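Chemist: Sharing a structure below in C-alpha cells format, with a few things to ask.
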Amino acid sequence: MKLLKPLFFIFALTVLLSVKSEVFAQQYPVLYFCESYGDNGEIGVSDRFTTGYLTVMVKADGPLGLRDCSIQLDKYDRTTGTFSYYKKFPYVVTPDMKYVYFAKNDESDMSFEDPGIYRVFLLDHNGRTVASSLVEIISKY
C-alpha cells in the first residue's frame, strides 16, 4: 500500500504535465544571422562570419508590432569579461511584420569591421529588447 501512493502521485503528475494542448519550441522572436537575404531567401546562415557586412534576421510566430526600431551591437571585451556598446543602426518596419531582415541600406551599413564576439539586439523605439543573439566575427586572413 505504501508503494502505491508514490506511484499514483508520479502518474498523476505526469498526466497533468502532459495535458497542455499546444507546445511551441520558441515563444519569443528569434534573432539570427546570414550573409545576405535575396530572392532565394537566406544565404549562409551561421553564428560565425568573417569581417564585413551581415544580415540580421528576426522571425516570430506573430506580428512584431514595431515601427521604429534599431539593431544594436555590443562587443565583448576579453580583458574585462564584459560587453560594451559598439554601434547602433536605425530601421523602420511595419507593425504587421513577423519575419524581417535588417541589412545594409542608405542609413545603416550593418558592418562588423573588428573581429570579436558581439551581442546583437533588436530594440523597439523605447530601447527595450525584442530579441537578441550572439555572433562571432573572425578575420578574413
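We label chains A, B, ... in the order they appear in the C-alpha cells, count residues from 1 in each chain, and number ligands from 1 in the order shown.
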Pick out each residue of segment 14-106 of chain A that DSSP on the backbone tags as strand (DSSP E or B); I need them as a PyMOL selection string.
Modeler: chain A and resi 30-34+36-38+41-43+46+48-50+52-53+55-59+68-77+82-92+99-102
Chemist: Using only C-alpha atoms, which of A:Thr82, A:Glu136, A:Ser70, A:Pro29 sits nearest Gly116 of chain A?
Modeler: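 Closest to Gly116 of chain A, using only C-alpha atoms: A:Glu136.
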Chemist: Considering only C-alpha atoms, state which residue in the set A:Ile138, A:Val130, A:Met57, A:Val93 is at the smallest distance from Phe112 of chain A.
Modeler: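 Among A:Ile138, A:Val130, A:Met57, A:Val93, it is A:Ile138 that comes nearest to Phe112 of chain A.
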Chemist: Mind checking which residues fall within 8 Å of Ile71 of chain A, counting only C-alpha atoms, ignoring those fewer than 3 positions away in the same chain, and posting them as JSON, numbers by chain?
Modeler: {"A": [88, 89, 90, 91, 102, 120, 121, 122, 123]}
Chemist: Residues within 7 Å of Ala103 of chain A, please, as a list of chain:residue names. Count only C-alpha atoms; anything in the same chain fewer than 5 positions from it doesn't count.
Modeler: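 These residues fall inside the cut-off: A:Leu54, A:Thr55, A:Val56, A:Met110.
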Chemist: Please provide the set of residues having any atom within 12 Å of Gly41 of chain A, restricted to only C-alpha atoms, with same-chain residues fewer than 6 positions apart removed, written as a list in words.
Modeler: Cys34, Glu35, Thr55, Met57, Tyr99, Val100 and Tyr101 of chain A
Chemist: Suppose you want the space between atom CA of Asp68 of chain A and atom CA of Asp39 of chain A; what is it in Å?
Modeler: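 Here the two named atoms are 24.9 Å from each other.
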Chemist: Between A:Ser36, A:Ser132, A:Val30, A:Tyr86, which one has atoms that come closest to Lys59 of chain A, using only C-alpha atoms?
Modeler: A:Val30
Chemist: What's the separation between atom CA of Asp77 of chain A and atom CA of Gly44 of chain A, in Å to one decimal place?
Modeler: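 Computing the Euclidean distance for atom CA of Asp77 of chain A and atom CA of Gly44 of chain A yields 26.6 Å.
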Chemist: Do you have the atom CA of Gly52 of chain A-atom CA of Asp124 of chain A distance handy?
Modeler: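 Atom CA of Asp124 of chain A lies 25.1 Å from atom CA of Gly52 of chain A.
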Chemist: For each of A:Phe83, A:Leu66, A:Glu113, A:Tyr76, take the minimum atom-to-atom distance to Arg128 of chain A, counting only C-alpha atoms, then give the residue where this is smallest.
Modeler: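 Between A:Phe83, A:Leu66, A:Glu113, A:Tyr76, the residue approaching Arg128 of chain A most closely is A:Leu66.
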Chemist: Please provide the set of residues having any atom within 9 Å of Val135 of chain A, restricted to only C-alpha atoms, with same-chain residues fewer than 3 positions apart removed, written as a PyMOL selection string.
Modeler: chain A and resi 32-33+46-49+116-120
Chemist: Which one is closest to Arg67 of chain A: A:Thr79, A:Thr51, A:Asn126, A:Ser139? Count only C-alpha atoms.
Modeler: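 Between A:Thr79, A:Thr51, A:Asn126, A:Ser139, the residue approaching Arg67 of chain A most closely is A:Asn126.
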